[in-house]
$ cat run.cif   # mmCIF, C-alpha atoms
data_entry
loop_
_atom_site.label_atom_id
_atom_site.label_comp_id
_atom_site.auth_asym_id
_atom_site.auth_seq_id
_atom_site.Cartn_x
_atom_site.Cartn_y
_atom_site.Cartn_z
CA MET A 1 -9.13 12.17 -5.80
CA LYS A 2 -9.38 8.50 -4.89
CA MET A 3 -6.88 5.70 -4.71
CA ILE A 4 -8.00 2.34 -6.00
CA ILE A 5 -6.02 -0.55 -4.57
CA ALA A 6 -6.63 -3.58 -6.78
CA VAL A 7 -5.32 -7.06 -5.99
CA ILE A 8 -5.29 -9.15 -9.16
CA GLY A 9 -3.69 -12.36 -10.45
CA ASP A 10 -0.16 -12.05 -11.80
CA HIS A 11 -1.31 -13.23 -15.23
CA ASP A 12 -3.64 -10.22 -15.47
CA ASN A 13 -1.03 -7.64 -14.40
CA GLU A 14 0.24 -6.68 -17.85
CA PRO A 15 -3.05 -6.46 -19.79
CA VAL A 16 -4.81 -4.65 -16.93
CA SER A 17 -1.96 -2.17 -16.44
CA GLN A 18 -1.73 -1.42 -20.16
CA ALA A 19 -5.51 -0.92 -20.39
CA LEU A 20 -5.41 1.49 -17.45
CA ILE A 21 -2.53 3.50 -18.94
CA LYS A 22 -4.30 3.65 -22.27
CA GLY A 23 -7.33 4.93 -20.35
CA GLY A 24 -5.21 7.74 -18.91
CA PHE A 25 -4.78 6.38 -15.39
CA ARG A 26 -1.63 6.51 -13.26
CA VAL A 27 -0.69 3.03 -12.08
CA THR A 28 1.97 1.81 -9.66
CA ARG A 29 2.48 -1.95 -9.46
CA ILE A 30 3.62 -3.89 -6.41
CA ALA A 31 4.35 -7.62 -6.20
CA SER A 32 2.25 -9.29 -3.52
CA THR A 33 1.25 -12.71 -2.26
CA GLY A 34 -2.09 -14.04 -1.19
CA ALA A 35 -2.00 -15.42 2.31
CA PHE A 36 -3.92 -18.50 1.27
CA LEU A 37 -1.71 -20.92 -0.74
CA ARG A 38 0.84 -18.07 -1.04
CA ARG A 39 -0.22 -17.56 -4.65
CA GLY A 40 1.52 -14.68 -6.45
CA SER A 41 -0.62 -11.64 -6.99
CA SER A 42 -0.12 -8.09 -8.14
CA THR A 43 -1.30 -5.08 -6.21
CA LEU A 44 -2.02 -2.01 -8.31
CA MET A 45 -2.30 1.47 -6.80
CA ILE A 46 -4.29 3.69 -9.12
CA GLY A 47 -4.73 7.42 -8.54
CA VAL A 48 -8.13 8.41 -9.92
CA GLU A 49 -10.24 11.56 -10.13
CA ASP A 50 -13.54 11.08 -8.28
CA ASP A 51 -15.62 10.98 -11.45
CA LYS A 52 -13.36 8.39 -13.10
CA VAL A 53 -13.58 5.68 -10.42
CA ASP A 54 -16.31 3.77 -12.25
CA ASP A 55 -14.37 3.93 -15.52
CA ALA A 56 -11.27 2.51 -13.87
CA ILE A 57 -13.24 -0.28 -12.20
CA GLN A 58 -14.88 -1.11 -15.54
CA LEU A 59 -11.42 -1.43 -17.14
CA LEU A 60 -10.39 -3.74 -14.32
CA ARG A 61 -13.50 -5.87 -14.90
CA ASP A 62 -12.93 -5.99 -18.64
CA HIS A 63 -9.27 -7.00 -18.52
CA THR A 64 -9.12 -9.55 -15.73
CA THR A 65 -9.68 -13.17 -16.63
CA ALA A 66 -11.60 -15.88 -14.83
CA THR A 67 -9.62 -18.62 -13.11
CA ASP A 68 -10.48 -22.29 -13.03
CA GLU A 69 -10.47 -22.31 -9.28
CA ALA A 70 -13.75 -22.16 -7.43
CA ASN A 71 -14.20 -19.18 -5.12
CA MET A 72 -11.31 -17.28 -6.61
CA LYS A 73 -12.33 -13.76 -7.52
CA ARG A 74 -10.55 -12.08 -10.41
CA ALA A 75 -9.93 -8.83 -8.59
CA THR A 76 -10.38 -7.43 -5.10
CA LEU A 77 -10.89 -3.66 -5.13
CA PHE A 78 -10.59 -1.13 -2.34
CA VAL A 79 -11.39 2.52 -3.03
CA LEU A 80 -9.81 4.95 -0.55
CA ASN A 81 -10.33 8.67 -0.24
CA VAL A 82 -7.23 10.79 -0.94
CA GLU A 83 -7.13 13.93 1.18
CA HIS A 84 -4.34 15.53 -0.73
CA PHE A 85 -2.62 14.64 -3.98
CA SER A 86 0.40 16.27 -5.51
CA GLN A 87 3.23 15.68 -7.91
CA VAL A 88 6.48 17.44 -7.14
CA MET B 1 -2.59 10.81 11.88
CA LYS B 2 -2.05 10.67 8.14
CA MET B 3 -0.34 8.21 5.86
CA ILE B 4 1.68 9.67 3.03
CA ILE B 5 2.18 7.25 0.15
CA ALA B 6 5.05 8.57 -1.98
CA VAL B 7 6.10 7.00 -5.27
CA ILE B 8 9.65 8.08 -6.09
CA GLY B 9 12.49 7.01 -8.37
CA ASP B 10 14.71 4.20 -7.09
CA HIS B 11 17.74 6.47 -7.18
CA ASP B 12 16.06 8.79 -4.65
CA ASN B 13 15.00 6.03 -2.25
CA GLU B 14 18.04 6.10 0.03
CA PRO B 15 18.56 9.88 0.41
CA VAL B 16 14.82 10.51 0.82
CA SER B 17 14.41 7.73 3.38
CA GLN B 18 17.40 8.87 5.41
CA ALA B 19 16.18 12.47 5.38
CA LEU B 20 12.75 11.36 6.60
CA ILE B 21 14.23 9.25 9.40
CA LYS B 22 16.48 12.09 10.43
CA GLY B 23 13.32 14.26 10.50
CA GLY B 24 11.71 11.82 12.94
CA PHE B 25 9.33 10.11 10.51
CA ARG B 26 8.47 6.42 10.37
CA VAL B 27 9.08 5.06 6.88
CA THR B 28 8.32 1.69 5.32
CA ARG B 29 9.73 1.07 1.85
CA ILE B 30 8.20 -1.13 -0.83
CA ALA B 31 9.68 -1.94 -4.25
CA SER B 32 7.29 -1.00 -7.05
CA THR B 33 7.16 -0.57 -10.80
CA GLY B 34 5.62 2.12 -12.90
CA ALA B 35 3.15 0.77 -15.40
CA PHE B 36 4.61 2.91 -18.15
CA LEU B 37 7.96 1.50 -19.36
CA ARG B 38 8.02 -0.72 -16.24
CA ARG B 39 10.58 1.60 -14.67
CA GLY B 40 11.64 0.66 -11.12
CA SER B 41 10.25 2.89 -8.43
CA SER B 42 10.06 2.90 -4.68
CA THR B 43 6.85 3.35 -2.74
CA LEU B 44 7.28 4.84 0.71
CA MET B 45 4.57 4.62 3.37
CA ILE B 46 5.10 7.36 5.93
CA GLY B 47 3.04 7.62 9.12
CA VAL B 48 2.74 11.31 10.00
CA GLU B 49 1.04 13.40 12.65
CA ASP B 50 -1.47 15.81 11.05
CA ASP B 51 0.63 18.88 11.75
CA LYS B 52 3.78 17.33 10.28
CA VAL B 53 2.42 16.52 6.81
CA ASP B 54 3.83 19.68 5.25
CA ASP B 55 7.24 19.07 6.83
CA ALA B 56 7.36 15.55 5.41
CA ILE B 57 6.32 16.74 1.94
CA GLN B 58 9.00 19.46 2.09
CA LEU B 59 11.63 16.82 2.90
CA LEU B 60 10.39 14.77 -0.07
CA ARG B 61 10.67 17.82 -2.32
CA ASP B 62 14.14 18.67 -1.05
CA HIS B 63 15.62 15.21 -1.47
CA THR B 64 14.22 14.01 -4.78
CA THR B 65 16.18 14.79 -7.90
CA ALA B 66 15.02 15.85 -11.34
CA THR B 67 15.20 13.34 -14.16
CA ASP B 68 16.23 14.06 -17.72
CA GLU B 69 13.01 12.67 -19.05
CA ALA B 70 10.27 15.05 -20.04
CA ASN B 71 7.02 14.72 -18.13
CA MET B 72 8.55 12.60 -15.39
CA LYS B 73 7.66 13.94 -11.99
CA ARG B 74 10.12 13.38 -9.17
CA ALA B 75 7.50 12.21 -6.70
CA THR B 76 3.81 11.38 -6.68
CA LEU B 77 2.24 11.94 -3.26
CA PHE B 78 -1.04 10.69 -1.85
CA VAL B 79 -2.08 11.75 1.65
CA LEU B 80 -4.63 9.42 3.28
CA ASN B 81 -6.47 9.87 6.55
CA VAL B 82 -5.64 7.28 9.22
CA GLU B 83 -8.64 6.48 11.42
CA HIS B 84 -6.66 4.58 13.98
CA PHE B 85 -2.96 4.15 14.55
CA SER B 86 -1.24 1.92 17.04
CA GLN B 87 1.97 0.14 17.75
CA VAL B 88 1.72 -3.13 19.64
CA MET C 1 -15.22 -1.69 5.51
CA LYS C 2 -11.74 -0.83 6.75
CA MET C 3 -8.28 -1.66 5.53
CA ILE C 4 -5.71 -2.48 8.17
CA ILE C 5 -2.15 -1.96 7.01
CA ALA C 6 0.14 -3.84 9.39
CA VAL C 7 3.91 -3.65 9.25
CA ILE C 8 5.40 -6.63 11.06
CA GLY C 9 8.71 -8.49 11.29
CA ASP C 10 9.38 -11.06 8.60
CA HIS C 11 9.58 -13.82 11.20
CA ASP C 12 5.98 -13.12 12.21
CA ASN C 13 4.60 -13.06 8.66
CA GLU C 14 3.60 -16.71 8.40
CA PRO C 15 2.00 -17.26 11.85
CA VAL C 16 0.18 -13.93 11.73
CA SER C 17 -1.11 -14.51 8.20
CA GLN C 18 -2.29 -18.01 9.02
CA ALA C 19 -4.05 -16.81 12.17
CA LEU C 20 -5.82 -14.06 10.20
CA ILE C 21 -6.96 -16.49 7.48
CA LYS C 22 -8.19 -18.91 10.13
CA GLY C 23 -10.11 -15.97 11.62
CA GLY C 24 -11.81 -15.39 8.27
CA PHE C 25 -9.84 -12.33 7.16
CA ARG C 26 -8.61 -11.54 3.65
CA VAL C 27 -4.88 -10.87 3.68
CA THR C 28 -2.49 -9.66 0.98
CA ARG C 29 1.20 -9.73 1.83
CA ILE C 30 3.85 -7.37 0.50
CA ALA C 31 7.60 -7.52 1.14
CA SER C 32 8.87 -4.28 2.64
CA THR C 33 11.92 -2.79 4.29
CA GLY C 34 12.22 -0.56 7.30
CA ALA C 35 14.05 2.63 6.52
CA PHE C 36 16.15 2.31 9.65
CA LEU C 37 18.84 -0.40 9.25
CA ARG C 38 16.97 -1.60 6.13
CA ARG C 39 15.60 -4.51 8.11
CA GLY C 40 13.21 -6.81 6.21
CA SER C 41 9.58 -6.46 7.16
CA SER C 42 6.26 -7.64 5.85
CA THR C 43 3.36 -5.35 5.11
CA LEU C 44 -0.06 -6.97 5.36
CA MET C 45 -3.16 -5.40 3.81
CA ILE C 46 -6.23 -6.76 5.54
CA GLY C 47 -9.77 -5.99 4.37
CA VAL C 48 -12.01 -5.96 7.43
CA GLU C 49 -15.67 -5.30 8.19
CA ASP C 50 -16.02 -2.35 10.59
CA ASP C 51 -17.11 -4.51 13.51
CA LYS C 52 -14.20 -6.93 13.08
CA VAL C 53 -11.34 -4.42 13.32
CA ASP C 54 -10.72 -5.12 17.00
CA ASP C 55 -10.74 -8.88 16.38
CA ALA C 56 -8.14 -8.54 13.65
CA ILE C 57 -5.94 -6.31 15.80
CA GLN C 58 -6.20 -8.77 18.67
CA LEU C 59 -5.03 -11.58 16.35
CA LEU C 60 -2.10 -9.40 15.30
CA ARG C 61 -1.22 -8.79 18.95
CA ASP C 62 -1.49 -12.47 19.80
CA HIS C 63 0.68 -13.75 16.97
CA THR C 64 3.53 -11.26 16.79
CA THR C 65 6.58 -11.92 18.91
CA ALA C 66 8.77 -9.58 20.90
CA THR C 67 12.24 -8.80 19.60
CA ASP C 68 15.37 -8.41 21.66
CA GLU C 69 15.98 -4.98 20.31
CA ALA C 70 15.07 -2.00 22.41
CA ASN C 71 12.47 0.33 20.93
CA MET C 72 11.39 -2.16 18.29
CA LYS C 73 7.64 -2.54 18.24
CA ARG C 74 6.21 -5.87 17.12
CA ALA C 75 3.67 -4.35 14.78
CA THR C 76 2.74 -0.93 13.44
CA LEU C 77 -0.95 -0.69 12.54
CA PHE C 78 -2.78 1.83 10.39
CA VAL C 79 -6.56 1.56 10.00
CA LEU C 80 -7.92 3.30 6.90
CA ASN C 81 -11.52 3.84 5.90
CA VAL C 82 -12.57 2.06 2.69
CA GLU C 83 -15.16 4.04 0.74
CA HIS C 84 -16.02 1.24 -1.61
CA PHE C 85 -15.12 -2.44 -1.63
CA SER C 86 -15.89 -4.98 -4.31
CA GLN C 87 -14.76 -8.28 -5.73
CA VAL C 88 -15.22 -8.77 -9.44
#
$ encode --input "run.cif" --output "structure tokens"
Amino acid sequence: MKMIIAVIGDHDNEPVSQALIKGGFRVTRIASTGAFLRRGSSTLMIGVEDDKVDDAIQLLRDHTTATDEANMKRATLFVLNVEHFSQV
Amino acid sequence: MKMIIAVIGDHDNEPVSQALIKGGFRVTRIASTGAFLRRGSSTLMIGVEDDKVDDAIQLLRDHTTATDEANMKRATLFVLNVEHFSQV
Amino acid sequence: MKMIIAVIGDHDNEPVSQALIKGGFRVTRIASTGAFLRRGSSTLMIGVEDDKVDDAIQLLRDHTTATDEANMKRATLFVLNVEHFSQV
């Protein structure tokens, strides 16, 4: 199991989250702020089976939109290893 | 050291957090939202010594409450390895 | 690549974040709450190259301020390994 932490623009939060749910992924959303310009962003935590990481990242690519601003990436992705996962 | 990331219902935030503190755990709480139905949730980050992970998870089990909704788990738990921990 | 998760006092959020940006670090800020006394805190997620972890921690040390309260640390730091990092 992996956890993908994705920082995306607020405007992409809803379409990206819905695409991930439709794809069968578990998503938790957290409001965040970029340090630079304090722009609003959304941080998604996505629990993903190892062999589904690429699928989730592809969905993130497909459903984030380009911004007008130079040097602004559409999504910043961190993939972390999950030692233990459970639902109680 | 491990970090437990626990996503729980808002209504369980206070009793779970207090039980964890009473158990000697460090807890940081973050407001979050499930992607499905946008239901409010709370994300707890809990710093835990390796040999206390099971104790913390037991406290989470004991202090979360069942919901009426089918297929809703009371808590989703991710345990991550912490390479380095410090307090400055 | 590592992710530093730093829990700091709200009053230190702005100077710490600005110092990290000036140092070339990527920072995402999340509002959080300590479990004890429900005090407001800020959780910073900082993506860091392996050889820059000590530099980032030093900046955190240098820009957090002591509190009057006994037993209150200025910052709690978790360093996690990042298996995969990308910007899309």
$ resolve_selection --input "run.cif" --expression "the PyMOL selection byres ((chain B) within 8 of (chain A))" --output "PyMOL selection string"
chain B and resi 7+30-36+61+73-81
$ atom_distance --input "run.cif" --atom1 "CA of His63 (chain B)" --atom2 "CA of Ala19 (chain B)"
7.4 Å
$ calpha_fit_and_write --input "run.cif" --fixed "chain C" --moving "chain A" --output "short mmCIF file (atom, residue, chain, number, x, y, z; two decimals) with C-alpha atoms, in the frame of the given file"
data_model
loop_
_atom_site.label_atom_id
_atom_site.label_comp_id
_atom_site.auth_asym_id
_atom_site.auth_seq_id
_atom_site.Cartn_x
_atom_site.Cartn_y
_atom_site.Cartn_z
CA MET A 1 -15.23 -1.71 5.52
CA LYS A 2 -11.75 -0.83 6.74
CA MET A 3 -8.29 -1.66 5.53
CA ILE A 4 -5.72 -2.49 8.16
CA ILE A 5 -2.16 -1.96 6.99
CA ALA A 6 0.13 -3.83 9.38
CA VAL A 7 3.93 -3.65 9.23
CA ILE A 8 5.41 -6.63 11.06
CA GLY A 9 8.73 -8.49 11.28
CA ASP A 10 9.39 -11.07 8.58
CA HIS A 11 9.60 -13.83 11.19
CA ASP A 12 5.99 -13.11 12.21
CA ASN A 13 4.60 -13.07 8.64
CA GLU A 14 3.60 -16.73 8.40
CA PRO A 15 2.02 -17.27 11.84
CA VAL A 16 0.19 -13.93 11.72
CA SER A 17 -1.11 -14.51 8.18
CA GLN A 18 -2.30 -18.03 9.01
CA ALA A 19 -4.04 -16.80 12.18
CA LEU A 20 -5.81 -14.08 10.20
CA ILE A 21 -6.97 -16.51 7.50
CA LYS A 22 -8.19 -18.92 10.13
CA GLY A 23 -10.09 -15.97 11.63
CA GLY A 24 -11.79 -15.40 8.28
CA PHE A 25 -9.85 -12.33 7.17
CA ARG A 26 -8.62 -11.54 3.66
CA VAL A 27 -4.88 -10.87 3.69
CA THR A 28 -2.51 -9.66 0.99
CA ARG A 29 1.20 -9.73 1.84
CA ILE A 30 3.84 -7.37 0.49
CA ALA A 31 7.59 -7.52 1.13
CA SER A 32 8.86 -4.27 2.62
CA THR A 33 11.91 -2.78 4.28
CA GLY A 34 12.22 -0.55 7.28
CA ALA A 35 14.07 2.63 6.49
CA PHE A 36 16.15 2.34 9.62
CA LEU A 37 18.83 -0.40 9.28
CA ARG A 38 16.96 -1.59 6.15
CA ARG A 39 15.59 -4.52 8.14
CA GLY A 40 13.21 -6.80 6.22
CA SER A 41 9.59 -6.43 7.16
CA SER A 42 6.27 -7.63 5.84
CA THR A 43 3.37 -5.34 5.11
CA LEU A 44 -0.05 -6.96 5.35
CA MET A 45 -3.16 -5.40 3.82
CA ILE A 46 -6.23 -6.75 5.54
CA GLY A 47 -9.77 -5.99 4.38
CA VAL A 48 -12.02 -5.96 7.44
CA GLU A 49 -15.68 -5.30 8.20
CA ASP A 50 -16.03 -2.35 10.59
CA ASP A 51 -17.10 -4.50 13.53
CA LYS A 52 -14.19 -6.92 13.08
CA VAL A 53 -11.33 -4.41 13.32
CA ASP A 54 -10.73 -5.10 17.00
CA ASP A 55 -10.73 -8.86 16.40
CA ALA A 56 -8.14 -8.53 13.66
CA ILE A 57 -5.93 -6.28 15.79
CA GLN A 58 -6.20 -8.77 18.67
CA LEU A 59 -5.01 -11.56 16.35
CA LEU A 60 -2.09 -9.38 15.31
CA ARG A 61 -1.22 -8.78 18.97
CA ASP A 62 -1.48 -12.46 19.82
CA HIS A 63 0.68 -13.75 16.98
CA THR A 64 3.53 -11.27 16.80
CA THR A 65 6.58 -11.95 18.90
CA ALA A 66 8.75 -9.60 20.92
CA THR A 67 12.22 -8.81 19.59
CA ASP A 68 15.37 -8.47 21.63
CA GLU A 69 15.96 -5.01 20.33
CA ALA A 70 15.02 -2.05 22.47
CA ASN A 71 12.45 0.31 20.98
CA MET A 72 11.40 -2.13 18.31
CA LYS A 73 7.64 -2.53 18.24
CA ARG A 74 6.22 -5.85 17.10
CA ALA A 75 3.67 -4.34 14.76
CA THR A 76 2.75 -0.92 13.43
CA LEU A 77 -0.94 -0.69 12.52
CA PHE A 78 -2.78 1.82 10.38
CA VAL A 79 -6.55 1.55 9.99
CA LEU A 80 -7.92 3.29 6.89
CA ASN A 81 -11.51 3.83 5.89
CA VAL A 82 -12.58 2.05 2.68
CA GLU A 83 -15.15 4.03 0.73
CA HIS A 84 -16.02 1.23 -1.60
CA PHE A 85 -15.12 -2.44 -1.64
CA SER A 86 -15.88 -4.98 -4.31
CA GLN A 87 -14.76 -8.28 -5.71
CA VAL A 88 -15.22 -8.77 -9.43
#
$ atom_distance --input "run.cif" --atom1 "CA of Gln58 (chain B)" --atom2 "CA of Ser41 (chain B)"
19.7 Å
$ atom_distance --input "run.cif" --atom1 "CA of Val53 (chain C)" --atom2 "CA of Gly23 (chain C)"
11.7 Å
$ closest_residue --input "run.cif" --among "A:Asp50, A:Ser42, A:Ala56, A:His11" --to "Gly24 (chain A)" --atoms "only C-alpha atoms"
A:Ala56
$ closest_residue --input "run.cif" --among "A:Ile46, A:Pro15, A:Arg39, A:Ile5" --to "Asp62 (chain A)" --atoms "only C-alpha atoms"
A:Pro15
